[in-house]
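Chemist: Following this line is protein_13.cif, made up of mmCIF, C-alpha atoms:
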data_input
#
loop_
_atom_site.label_atom_id
_atom_site.label_comp_id
_atom_site.auth_asym_id
_atom_site.auth_seq_id
_atom_site.Cartn_x
_atom_site.Cartn_y
_atom_site.Cartn_z
CA MET A 25 54.56 20.08 18.32
CA ALA A 26 55.50 21.72 21.61
CA LEU A 27 53.05 24.55 20.95
CA LYS A 28 50.21 22.10 20.40
CA ARG A 29 51.26 20.15 23.49
CA ASP A 30 51.15 23.27 25.66
CA MET A 31 48.10 24.90 24.03
CA GLY A 32 45.94 21.91 23.34
CA ASP A 33 42.84 23.93 22.42
CA ALA A 34 44.72 25.95 19.79
CA GLU A 35 44.79 24.97 16.14
CA VAL A 36 48.44 24.81 15.10
CA VAL A 37 49.27 24.55 11.40
CA ALA A 38 52.69 24.07 9.80
CA PHE A 39 53.00 25.60 6.33
CA ASP A 40 55.95 24.55 4.16
CA ASN A 41 56.95 23.79 0.57
CA LEU A 42 59.05 20.76 1.65
CA LYS A 43 61.92 21.89 -0.59
CA ARG A 44 64.64 21.05 1.93
CA ARG A 45 65.59 17.40 1.75
CA GLY A 46 64.37 15.54 4.82
CA SER A 47 61.59 17.95 5.74
CA GLU A 48 59.06 15.40 4.51
CA LEU A 49 60.22 13.06 7.29
CA THR A 50 58.54 15.29 9.89
CA LEU A 51 55.03 14.94 8.46
CA THR A 52 54.12 11.77 10.35
CA ARG A 53 55.45 13.30 13.57
CA LEU A 54 53.39 16.45 13.08
CA ARG A 55 50.25 14.44 12.44
CA GLN A 56 50.81 12.30 15.53
CA GLY A 57 51.29 15.46 17.59
CA GLY A 58 48.00 16.97 16.45
CA VAL A 59 49.63 19.63 14.26
CA GLY A 60 48.00 20.33 10.92
CA PHE A 61 50.06 20.59 7.75
CA GLU A 62 49.42 22.64 4.63
CA HIS A 63 51.70 22.30 1.65
CA GLY A 64 52.38 25.71 0.16
CA ASP A 65 54.99 28.32 -0.66
CA VAL A 66 55.45 31.73 0.98
CA ARG A 67 56.36 33.11 -2.46
CA CYS A 68 52.72 32.58 -3.43
CA ALA A 69 50.28 34.89 -1.63
CA GLU A 70 47.36 32.71 -2.72
CA ASP A 71 48.80 29.73 -0.84
CA LEU A 72 48.85 31.74 2.37
CA ALA A 73 45.37 33.15 1.81
CA ALA A 74 44.02 29.62 1.47
CA LEU A 75 44.97 28.94 5.08
CA GLY A 76 42.21 31.17 6.42
CA PRO A 77 42.69 33.69 9.26
CA ALA A 78 45.22 33.25 12.06
CA ASP A 79 45.87 34.87 15.43
CA LEU A 80 49.66 34.47 15.33
CA VAL A 81 52.20 33.93 12.54
CA ILE A 82 55.60 32.53 13.51
CA GLU A 83 57.56 33.57 10.44
CA CYS A 84 60.53 31.19 10.21
CA SER A 85 60.36 30.44 6.50
CA ALA A 86 63.61 31.08 4.63
CA GLU A 87 66.31 29.94 2.32
CA PRO A 88 68.72 29.82 5.27
CA SER A 89 72.09 29.38 3.58
CA VAL A 90 74.41 32.38 3.91
CA HIS A 91 76.09 31.21 0.70
CA ALA A 92 72.86 31.33 -1.31
CA GLY A 93 73.25 33.54 -4.36
CA TYR A 94 77.04 33.32 -4.50
CA ASP A 95 76.63 31.05 -7.52
CA GLY A 96 75.33 34.05 -9.46
CA ASN A 97 71.61 33.28 -9.06
CA PRO A 98 70.01 35.08 -6.09
CA ALA A 99 66.42 34.61 -7.27
CA TYR A 100 65.33 31.88 -4.88
CA VAL A 101 66.80 33.42 -1.74
CA VAL A 102 65.43 36.90 -2.58
CA ASN A 103 61.98 35.67 -3.53
CA THR A 104 61.67 33.33 -0.57
CA ASN A 105 63.14 35.53 2.14
CA LEU A 106 61.97 38.97 1.05
CA LEU A 107 58.89 38.44 -1.10
CA GLY A 108 57.93 35.66 1.32
CA THR A 109 58.04 38.10 4.22
CA VAL A 110 55.92 40.61 2.28
CA ASN A 111 53.32 37.89 1.70
CA CYS A 112 53.42 36.83 5.36
CA LEU A 113 53.04 40.45 6.50
CA GLU A 114 50.03 40.93 4.27
CA TYR A 115 48.56 37.67 5.50
CA ALA A 116 49.06 38.79 9.11
CA ARG A 117 47.64 42.27 8.42
CA ARG A 118 44.50 40.92 6.79
CA SER A 119 44.03 38.35 9.55
CA GLY A 120 44.70 40.85 12.33
CA ALA A 121 47.44 38.47 13.50
CA ALA A 122 50.55 39.17 15.55
CA MET A 123 53.95 37.99 14.27
CA VAL A 124 57.09 36.47 15.72
CA PHE A 125 59.83 36.91 13.12
CA LEU A 126 62.94 34.74 13.28
CA SER A 127 65.69 36.83 11.79
CA THR A 128 69.41 36.07 11.89
CA SER A 129 72.75 37.19 13.23
CA ARG A 130 73.74 37.42 9.58
CA VAL A 131 72.19 40.89 9.37
CA TYR A 132 75.52 42.14 10.74
CA PRO A 133 78.16 43.08 8.12
CA ILE A 134 80.84 40.54 7.33
CA ALA A 135 83.79 42.96 7.26
CA SER A 136 82.84 44.49 10.60
CA LEU A 137 82.55 41.09 12.27
CA ARG A 138 85.91 40.06 10.82
CA ALA A 139 87.44 43.28 12.18
CA ILE A 140 86.73 42.31 15.82
CA PRO A 141 90.12 41.53 17.42
CA LEU A 142 90.57 37.86 18.26
CA GLU A 143 93.27 35.72 19.79
CA GLU A 144 93.80 31.98 20.04
CA ARG A 145 93.06 30.36 23.36
CA GLY A 146 93.33 26.58 23.38
CA GLU A 147 91.15 25.19 20.60
CA ARG A 148 89.18 28.37 19.93
CA LEU A 149 89.31 32.05 19.08
CA VAL A 150 88.29 34.53 21.78
CA ILE A 151 87.88 38.27 22.16
CA PRO A 152 90.80 39.48 24.31
CA PRO A 153 89.94 40.36 27.92
CA GLY A 154 88.69 43.93 28.24
CA ALA A 155 88.43 44.51 24.49
CA HIS A 156 85.21 46.13 23.34
CA GLY A 157 83.75 48.33 20.63
CA PRO A 158 80.41 49.48 19.25
CA GLY A 159 77.99 46.61 19.80
CA TRP A 160 80.58 44.03 20.87
CA SER A 161 82.54 42.89 23.91
CA GLU A 162 83.62 39.67 25.62
CA ALA A 163 79.91 39.12 26.33
CA GLY A 164 79.22 38.87 22.58
CA ILE A 165 77.42 40.86 19.90
CA THR A 166 74.50 43.13 20.74
CA ALA A 167 71.70 44.48 18.54
CA ASP A 168 73.56 47.82 18.53
CA PHE A 169 76.33 46.41 16.36
CA PRO A 170 76.78 48.78 13.35
CA LEU A 171 74.82 47.75 10.25
CA SER A 172 76.76 49.57 7.53
CA GLY A 173 78.37 47.20 5.03
CA SER A 174 77.81 44.01 3.05
CA ARG A 175 76.32 41.01 4.83
CA SER A 176 75.49 38.44 2.05
CA ILE A 177 72.31 38.22 -0.02
CA TYR A 178 70.78 36.05 2.70
CA GLY A 179 71.57 38.57 5.43
CA ALA A 180 70.38 41.46 3.29
CA THR A 181 67.00 39.82 2.67
CA LYS A 182 66.49 39.25 6.38
CA LEU A 183 67.48 42.81 7.28
CA ALA A 184 65.18 44.15 4.56
CA SER A 185 62.41 42.00 6.02
CA GLU A 186 63.06 43.55 9.43
CA LEU A 187 62.72 47.04 7.93
CA LEU A 188 59.40 46.11 6.35
CA ILE A 189 58.17 44.80 9.68
CA GLU A 190 59.03 48.17 11.23
CA GLU A 191 56.88 49.89 8.59
CA TYR A 192 53.97 47.51 9.19
CA ARG A 193 54.27 48.23 12.89
CA ALA A 194 54.07 51.98 12.26
CA LEU A 195 51.49 52.03 9.45
CA TYR A 196 49.15 49.20 10.42
CA GLY A 197 49.73 48.64 14.12
CA LEU A 198 51.16 45.17 13.54
CA LYS A 199 52.29 43.52 16.75
CA ALA A 200 55.59 41.87 15.89
CA VAL A 201 58.74 40.82 17.70
CA ILE A 202 62.04 40.33 15.86
CA ASN A 203 64.52 37.74 17.14
CA ARG A 204 67.97 37.83 15.53
CA CYS A 205 68.97 34.24 16.11
CA GLY A 206 72.43 32.75 16.21
CA VAL A 207 72.99 29.10 15.27
CA LEU A 208 69.77 27.19 15.93
CA THR A 209 70.03 23.43 16.24
CA GLY A 210 68.54 20.31 17.78
CA PRO A 211 66.72 17.12 16.81
CA TRP A 212 64.79 17.13 13.52
CA GLN A 213 67.05 19.68 11.88
CA MET A 214 68.15 18.23 8.55
CA GLY A 215 71.69 19.60 8.69
CA LYS A 216 73.81 20.54 5.70
CA VAL A 217 77.29 21.98 5.27
CA ASP A 218 75.99 25.52 4.75
CA GLN A 219 73.15 25.40 7.29
CA GLY A 220 72.67 23.04 10.20
CA VAL A 221 76.35 22.21 10.62
CA ILE A 222 75.99 21.11 14.27
CA VAL A 223 73.60 18.30 13.33
CA LEU A 224 75.68 17.41 10.29
CA TRP A 225 78.86 17.16 12.41
CA MET A 226 77.24 14.70 14.78
CA ALA A 227 75.56 12.80 11.93
CA ARG A 228 78.92 12.24 10.23
CA HIS A 229 80.23 10.76 13.48
CA VAL A 230 77.23 8.44 13.71
CA PHE A 231 76.76 7.44 10.07
CA GLY A 232 80.15 8.22 8.55
CA GLY A 233 81.09 10.60 5.77
CA PRO A 234 83.56 13.42 5.16
CA LEU A 235 84.17 16.44 7.37
CA GLY A 236 86.67 19.24 7.14
CA TYR A 237 87.72 22.53 8.66
CA MET A 238 87.10 25.25 6.10
CA GLY A 239 88.52 28.76 6.07
CA PHE A 240 90.72 30.83 8.38
CA GLY A 241 93.69 28.59 7.78
CA GLY A 242 91.73 25.35 8.09
CA HIS A 243 92.44 25.03 11.83
CA GLY A 244 88.83 24.78 13.03
CA ARG A 245 89.12 27.44 15.73
CA GLN A 246 86.24 29.59 14.46
CA VAL A 247 83.48 29.93 17.06
CA ARG A 248 79.69 30.08 17.11
CA ASP A 249 77.20 30.01 19.92
CA ILE A 250 74.46 27.43 19.53
CA LEU A 251 70.85 27.47 20.71
CA HIS A 252 68.71 24.38 21.29
CA VAL A 253 65.36 24.65 19.54
CA ASP A 254 63.66 23.96 22.88
CA ASP A 255 65.34 27.02 24.40
CA LEU A 256 64.09 29.11 21.49
CA TYR A 257 60.62 27.69 22.01
CA ASP A 258 60.71 28.70 25.68
CA LEU A 259 61.44 32.28 24.62
CA VAL A 260 58.76 32.37 21.92
CA ARG A 261 56.18 31.20 24.45
CA LEU A 262 57.13 34.07 26.77
CA GLN A 263 56.84 36.54 23.90
CA MET A 264 53.49 35.13 22.75
CA ALA A 265 52.09 35.57 26.23
CA ASP A 266 52.80 39.33 26.22
CA MET A 267 53.00 40.53 22.62
CA GLU A 268 52.03 44.04 23.66
CA ARG A 269 55.22 44.36 25.67
CA PHE A 270 57.57 42.64 23.23
CA SER A 271 56.11 43.86 19.95
CA GLN A 272 58.45 46.81 19.49
CA GLY A 273 61.56 44.79 20.22
CA VAL A 274 64.53 43.67 18.15
CA PHE A 275 66.50 41.13 20.19
CA ASN A 276 69.70 39.18 19.71
CA VAL A 277 68.95 35.60 20.74
CA GLY A 278 71.49 32.80 21.00
CA GLY A 279 73.36 30.46 23.26
CA GLY A 280 75.72 33.19 24.42
CA PRO A 281 79.32 32.65 25.59
CA GLY A 282 78.27 29.78 27.86
CA VAL A 283 76.85 27.74 24.97
CA SER A 284 79.50 28.41 22.35
CA VAL A 285 81.83 26.02 20.57
CA SER A 286 84.61 26.00 18.00
CA LEU A 287 84.72 23.40 15.25
CA ARG A 288 87.70 21.73 16.93
CA GLU A 289 85.81 21.59 20.23
CA LEU A 290 82.72 20.32 18.40
CA THR A 291 84.78 17.48 16.98
CA GLY A 292 85.95 16.51 20.47
CA HIS A 293 82.40 16.53 21.82
CA CYS A 294 81.10 14.42 18.94
CA ARG A 295 83.93 11.88 19.28
CA ARG A 296 83.29 11.49 22.97
CA ILE A 297 79.49 11.22 22.72
CA SER A 298 79.41 8.94 19.66
CA GLY A 299 82.48 6.87 20.53
CA ARG A 300 83.68 7.26 16.94
CA GLU A 301 86.34 9.24 15.13
CA VAL A 302 86.01 10.74 11.66
CA ALA A 303 88.93 11.70 9.46
CA LEU A 304 89.00 15.47 9.04
CA GLY A 305 90.18 17.38 6.02
CA SER A 306 91.36 20.96 5.91
CA ALA A 307 90.65 23.77 3.43
CA PRO A 308 92.50 26.92 4.48
CA GLN A 309 90.87 29.30 2.02
CA THR A 310 88.17 31.53 3.55
CA ARG A 311 84.94 31.90 1.62
CA ASP A 312 83.41 35.31 0.98
CA ALA A 313 80.64 35.06 3.59
CA ASP A 314 82.56 33.32 6.38
CA VAL A 315 83.19 34.99 9.74
CA PRO A 316 85.61 33.66 12.38
CA TYR A 317 83.58 34.47 15.47
CA TYR A 318 79.98 35.13 16.39
CA VAL A 319 78.62 34.84 19.93
CA THR A 320 75.35 36.43 21.03
CA ASP A 321 75.09 38.91 23.87
CA ASN A 322 71.69 38.00 25.36
CA ALA A 323 71.61 40.82 27.92
CA ALA A 324 68.73 42.74 26.31
CA ILE A 325 66.37 39.78 25.92
CA THR A 326 67.27 38.50 29.39
CA GLU A 327 66.49 41.88 30.92
CA ALA A 328 63.20 42.11 29.01
CA SER A 329 61.97 38.59 29.71
CA GLY A 330 64.11 36.82 32.28
CA TRP A 331 64.94 34.22 29.63
CA THR A 332 68.35 32.61 29.35
CA PRO A 333 69.36 29.39 27.56
CA ARG A 334 69.12 26.40 29.86
CA ARG A 335 70.65 23.67 27.67
CA ASP A 336 74.44 23.53 27.47
CA VAL A 337 76.58 22.24 24.61
CA GLU A 338 76.66 18.69 25.99
CA THR A 339 72.87 18.62 26.30
CA VAL A 340 72.36 19.96 22.78
CA LEU A 341 74.71 17.40 21.25
CA GLY A 342 73.39 14.59 23.42
CA ASP A 343 69.83 15.26 22.25
CA ILE A 344 70.96 15.29 18.61
CA HIS A 345 72.90 12.06 19.07
CA ALA A 346 69.93 10.30 20.70
CA TRP A 347 67.64 11.44 17.86
CA LEU A 348 70.03 10.12 15.21
CA LEU A 349 70.21 6.72 16.92
CA ASP A 350 66.47 6.50 17.60
CA HIS A 351 65.71 7.12 13.92
CA ARG A 352 68.80 5.53 12.39
CA ALA A 353 66.98 3.60 9.67
CA MET A 354 65.14 6.69 8.46
CA LEU A 355 67.99 9.21 8.78
CA ALA A 356 71.06 7.22 7.69
CA PRO A 357 70.24 7.34 3.96
CA MET A 358 69.88 11.11 4.11
CA PHE A 359 73.05 11.87 6.04
CA ALA A 360 75.35 9.10 4.83
#
Rewrite the structure of this file - the entire thing - as structure tokens.
Modeler:
Amino acid sequence: MALKRDMGDAEVVAFDNLKRRGSELTLTRLRQGGVGFEHGDVRCAEDLAALGPADLVIECSAEPSVHAGYDGNPAYVVNTNLLGTVNCLEYARRSGAAMVFLSTSRVYPIASLRAIPLEERGERLVIPPGAHGPGWSEAGITADFPLSGSRSIYGATKLASELLIEEYRALYGLKAVINRCGVLTGPWQMGKVDQGVIVLWMARHVFGGPLGYMGFGGHGRQVRDILHVDDLYDLVRLQMADMERFSQGVFNVGGGPGVSVSLRELTGHCRRISGREVALGSAPQTRDADVPYYVTDNAAITEASGWTPRRDVETVLGDIHAWLLDHRAMLAPMFA
């Protein structure tokens, strides 16, 4: 929508299989904004070929749950995230298109992230002052963080996709930028427990329903940085405008320390903004793929582009809250 708004002469097409519950609710909005929609699946190369040629592919298709495959069936996440990227790369190569690839902070190994020293400060965990190591410091995690180790099936498929992009860059001259995103959020994200938790947390405060602190003792002090979708859009527009310069880059992209929040802090924000309290459960057991702390160090992308996130935690949550209220009748059945 924003891309069509800012590039009115461009043909913008959204391509999706509508598998995620709630994604169908965006179709009317896309149509009203002048964005085309094609129903298809990245697992099927023929569906992509039917689109016709493109100048730019923004590859954000994925099974985004880090817990996908832990039930013993990794087929969907592997086929969507890895085979889907292969199909998108071939589509871009044959079209002569550039690519912006939205990867994930989950490419970094779980054990290594858990090994970062942390201490409690108020309602959150923090890296102690002055502590640092390879690819991490108080400023967050950089793209130089070591990659040796297990990272979940989801993370592995995204890292494998990054490696394939590198080969397409070298072999075929593909212009592609890789953004390793932290927690993306904002209006029109159909949040779930395992992906989109920021929206879900606010939705529970608006519409009701259970919430609980899971893992690491069940205290809710684990921390993530969050990035408003509009801030990500601002960056993608900068990258689109100069693909030649950005096309060899792998960048960590997130809210950074200034736009980070623990679950306990998130609860306080949601209570204040919504005016409602929700009873919170506690499950102390830590799941296999959980990490206690991830905050993005944006220094590299800021140096390369001048970009920094402009929307703080209050703005992000306020926009989500307003969206939930504005579309209460449509969204309540999905979130309640």
Chemist: Within 7 Å of segment 140-153 of chain A, counting only C-alpha atoms, which residues qualify if same-chain residues fewer than 5 places away don't, as a PDB file with C-alpha atoms, keeping the file's coordinate frame?
Modeler:
ATOM      1  CA  GLU A 162      83.620  39.670  25.620  1.00  0.00           C
ATOM      2  CA  ARG A 245      89.120  27.440  15.730  1.00  0.00           C
ATOM      3  CA  GLN A 246      86.240  29.590  14.460  1.00  0.00           C
ATOM      4  CA  VAL A 247      83.480  29.930  17.060  1.00  0.00           C
ATOM      5  CA  SER A 286      84.610  26.000  18.000  1.00  0.00           C
ATOM      6  CA  ARG A 288      87.700  21.730  16.930  1.00  0.00           C
ATOM      7  CA  GLU A 289      85.810  21.590  20.230  1.00  0.00           C
TER       8      GLU A 289
END
Chemist: So which one's closest to Gly215 of chain A, A:Pro88, A:Gly58, A:Gly244, A:Gly342? Using only C-alpha atoms, please.
Modeler: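 So, comparing all the options, the nearest one is A:Pro88.
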Chemist: Expanded to explicit residues, what is the PyMOL selection byres ((chain A and resi 179) around 10) for this file, as a PyMOL selection string?
Modeler: chain A and resi 88-92+105+127-134+174-178+180-185+313
Chemist: Could you write out as a list in words the residues that the PyMOL selection byres ((chain A and resi 63) around 9) matches in the shown file?
Modeler: Ala38, Phe39, Asp40, Asn41, Leu42, Phe61, Glu62, Gly64, Asp65 and Asp71 of chain A
Chemist: Would you mind reading off the distance between atom CA of Val66 of chain A and atom CA of Gln263 of chain A, one decimal, in Å?
Modeler: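 Going from atom CA of Val66 of chain A over to atom CA of Gln263 of chain A, I get 23.5 Å.
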